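*Asks:* Supplied in structure tokens, the structure appears directly below.
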Amino acid sequence: MTEIVPIIHIIDDDDSVRKAVSRLLKAAGYAVKSYATSGEFMMAENLESPGCIVLDVRMPGPSGLELQSALARRGNGLPIIFLTGHGDIPMSVRAMKAGAVDFLTKPVQRQELLSAVQNALDRQAKHLSEQTRNQHIRECYATLTEREREIMAHVVEGKLNKQIAATMGIAERTVKAHRAQVMSKMQVDSLADLVRTASGLEPSDG
């Protein structure tokens, strides 16, 4: 299986900044794409691929903060690093509250930028790993019968087999049999694992 190389998207209306940042990141081994405006970036392809965005704040057309909001509305999860020569504290606070990984000022130090980019990629890798795990959990949960889901809910709440049997009006041995099926289908070996797995389910999944 071919490894997907993360793409660092640089969005800045200053041509010299785009070139300098591109050279720095390419020299560090990253794949880079650059754009002069937010609109140009939004028209690009592969925006769902792994990577991150190095984004100027003040640009012609949509600003960096406006682009951040637009991407959030789209559900685009690319981490954002702001890089600006016009930053102030309220602006940086707004950006960070909206989920930015970092807020750097120009001229940026090489190591400072590289550290921010690596942090952004690490954060995204963790997020994607959690998404994959949660998707697997939901697929396992979908194989449970209604009775098994009901018993799983009781088990996760910490109820004993005899308590579940009394609550549901069934034999304790029936609870044990269903509980074994739940553990097998959810691919877990212990109650602790089942509780952790249940936390990966969406509320709508039960």
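Each chain of the structure tokens is named A, B, ... in the order shown, its residues numbered from 1; ligands are numbered from 1 in display order.
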Give me, as a list in words, all polymer residues having an atom no more than 6 Å from segment 148-157 of chain A, counting only C-alpha atoms and skipping those fewer than 4 positions away in the same chain.
*Replies:*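 Near neighbours after the sequence-gap exclusion: Leu144, His178 and Val195 of chain A.
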*Asks:* Take the residues that were just selected and, keeping N, CA and C atoms, output them as a short mmCIF file (atom, residue, chain, number, x, y, z; two decimals), in the first residue's frame.
*Replies:*
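And here's result.cif as it stands now:
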```cif
data_model
loop_
_atom_site.label_atom_id
_atom_site.label_comp_id
_atom_site.auth_asym_id
_atom_site.auth_seq_id
_atom_site.Cartn_x
_atom_site.Cartn_y
_atom_site.Cartn_z
N LEU A 144 -24.65 -6.20 16.09
CA LEU A 144 -25.37 -6.66 17.28
C LEU A 144 -26.88 -6.68 17.04
N HIS A 178 -25.67 -13.98 25.75
CA HIS A 178 -25.70 -12.75 24.94
C HIS A 178 -24.46 -11.89 25.20
N VAL A 195 -16.04 -1.02 27.76
CA VAL A 195 -16.41 0.34 28.17
C VAL A 195 -15.68 1.37 27.32
#
```
*Asks:* Just want the 6 Å neighbourhood of Thr105 of chain A, counted on only C-alpha atoms, with same-chain residues fewer than 6 positions away dropped. Output as a ChimeraX atom specification.
*Replies:* /A:83-85
*Asks:* Can you tell me which residues surround Ile80 of chain A at a distance of at most 8 Å, considering only C-alpha atoms, apart from same-chain residues fewer than 6 positions away, and format the answer as JSON, numbers by chain?
*Replies:* {"A": [52, 53, 54, 55, 68, 99, 100, 101, 102, 120]}
*Asks:* Considering only C-alpha atoms, state which residue in the set A:Arg147, A:Ala116, A:Asp12, A:Ala95 is at the smallest distance from Met168 of chain A.
*Replies:*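 Checking each candidate against Met168 of chain A, we get A:Arg147 as the closest.
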*Asks:* Based on DSSP run over this structure's backbone, return all residues of segment 52-94 of chain A in helix (DSSP H, G or I), as a PyMOL selection string.
*Replies:* chain A and resi 64-74+89-94
*Asks:* Excluding same-chain residues fewer than 4 positions from Arg110 of chain A, what lies within 12 Å of it counting only C-alpha atoms, as a list in words?
*Replies:*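 Once the adjacent positions are removed, what remains is Ala20, Val21, Ser22, Arg23, Leu24, Leu25, Ala27, Ala28, Leu104, Thr105, Lys106, Leu114, Ser115, Ala116 and Val117 of chain A.
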*Asks:* Given the choices A:Tyr141, A:Leu65, A:Met186, A:Leu78, which gets closest to Val93 of chain A if the distance is worked out from only C-alpha atoms?
*Replies:*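 When distances to Val93 of chain A are compared using only C-alpha atoms, the smallest one comes from A:Leu65.
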*Asks:* Name the closest residue to Ala198 of chain A among the candidates A:Gln181, A:His86, A:Cys140, A:Leu160; distances are taken between atoms, counting only C-alpha atoms.
*Replies:*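 Among A:Gln181, A:His86, A:Cys140, A:Leu160, it is A:Cys140 that comes nearest to Ala198 of chain A.
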*Asks:* Return the single residue from A:Met183, A:Leu201, A:Leu121, A:Val32 that is closest to His136 of chain A, with distances computed using only C-alpha atoms.
*Replies:* A:Leu201
*Asks:* Step one, run DSSP on the backbone; step two, keep only residues of segment 1-186 of chain A assigned to strand (DSSP E); then write them as a PyMOL selection string.
*Replies:* chain A and resi 7-11+31-35+51-55+80-84+102-105
*Asks:* What is the atom CA of Lys162 of chain A-atom CA of Glu139 of chain A distance in Å, reported with one decimal?
*Replies:*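 Between atom CA of Lys162 of chain A and atom CA of Glu139 of chain A the gap works out to 28.8 Å.
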*Asks:* Counting only C-alpha atoms, figure out which residue out of A:Gly51, A:Leu128, A:Pro60, A:Ala44 gets nearest to Ile81 of chain A.
*Replies:*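 Once distances to Ile81 of chain A are computed over only C-alpha atoms, the minimum belongs to A:Gly51.
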*Asks:* For Ile7 of chain A, work out the shell of residues within 8 Å, counting only C-alpha atoms and skipping chain neighbours fewer than 2 positions away, then give it as a PDB file with N, CA and C atoms, in the first residue's frame.
*Replies:*
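Result file part.pdb:
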```pdb
ATOM      1  N   VAL A   5       1.502  10.981   1.067  1.00  0.00           N
ATOM      2  CA  VAL A   5       2.386  12.043   1.551  1.00  0.00           C
ATOM      3  C   VAL A   5       1.542  13.277   1.890  1.00  0.00           C
ATOM      4  N   HIS A   9      -0.211  23.243   2.476  1.00  0.00           N
ATOM      5  CA  HIS A   9      -0.811  24.283   1.623  1.00  0.00           C
ATOM      6  C   HIS A   9      -0.424  25.658   2.181  1.00  0.00           C
ATOM      7  N   TYR A  30       8.995  18.208   2.833  1.00  0.00           N
ATOM      8  CA  TYR A  30       7.540  18.221   2.709  1.00  0.00           C
ATOM      9  C   TYR A  30       7.099  18.462   1.264  1.00  0.00           C
ATOM     10  N   ALA A  31       5.921  17.917   0.920  1.00  0.00           N
ATOM     11  CA  ALA A  31       5.273  18.256  -0.352  1.00  0.00           C
ATOM     12  C   ALA A  31       4.504  19.553  -0.126  1.00  0.00           C
ATOM     13  N   VAL A  32       4.647  20.500  -1.052  1.00  0.00           N
ATOM     14  CA  VAL A  32       4.091  21.843  -0.842  1.00  0.00           C
ATOM     15  C   VAL A  32       3.274  22.296  -2.044  1.00  0.00           C
ATOM     16  N   LYS A  33       2.153  22.982  -1.774  1.00  0.00           N
ATOM     17  CA  LYS A  33       1.381  23.685  -2.798  1.00  0.00           C
ATOM     18  C   LYS A  33       1.129  25.095  -2.275  1.00  0.00           C
ATOM     19  N   SER A  49      -7.122  15.453   1.348  1.00  0.00           N
ATOM     20  CA  SER A  49      -5.939  14.637   1.614  1.00  0.00           C
ATOM     21  C   SER A  49      -5.250  15.111   2.886  1.00  0.00           C
ATOM     22  N   PRO A  50      -4.447  14.232   3.527  1.00  0.00           N
ATOM     23  CA  PRO A  50      -3.719  14.636   4.734  1.00  0.00           C
ATOM     24  C   PRO A  50      -2.800  15.829   4.457  1.00  0.00           C
ATOM     25  N   GLY A  51      -2.584  16.651   5.461  1.00  0.00           N
ATOM     26  CA  GLY A  51      -1.712  17.809   5.315  1.00  0.00           C
ATOM     27  C   GLY A  51      -2.108  18.890   6.295  1.00  0.00           C
ATOM     28  N   CYS A  52      -1.675  20.109   6.033  1.00  0.00           N
ATOM     29  CA  CYS A  52      -2.077  21.241   6.866  1.00  0.00           C
ATOM     30  C   CYS A  52      -1.988  22.519   6.031  1.00  0.00           C
TER      31      CYS A  52
END
```
*Asks:* Just the number, please: distance in Å from atom CA of Gln163 of chain A to atom CA of Arg138 of chain A, one decimal.
*Replies:*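 Atom CA of Gln163 of chain A sits 26.6 Å away from atom CA of Arg138 of chain A.
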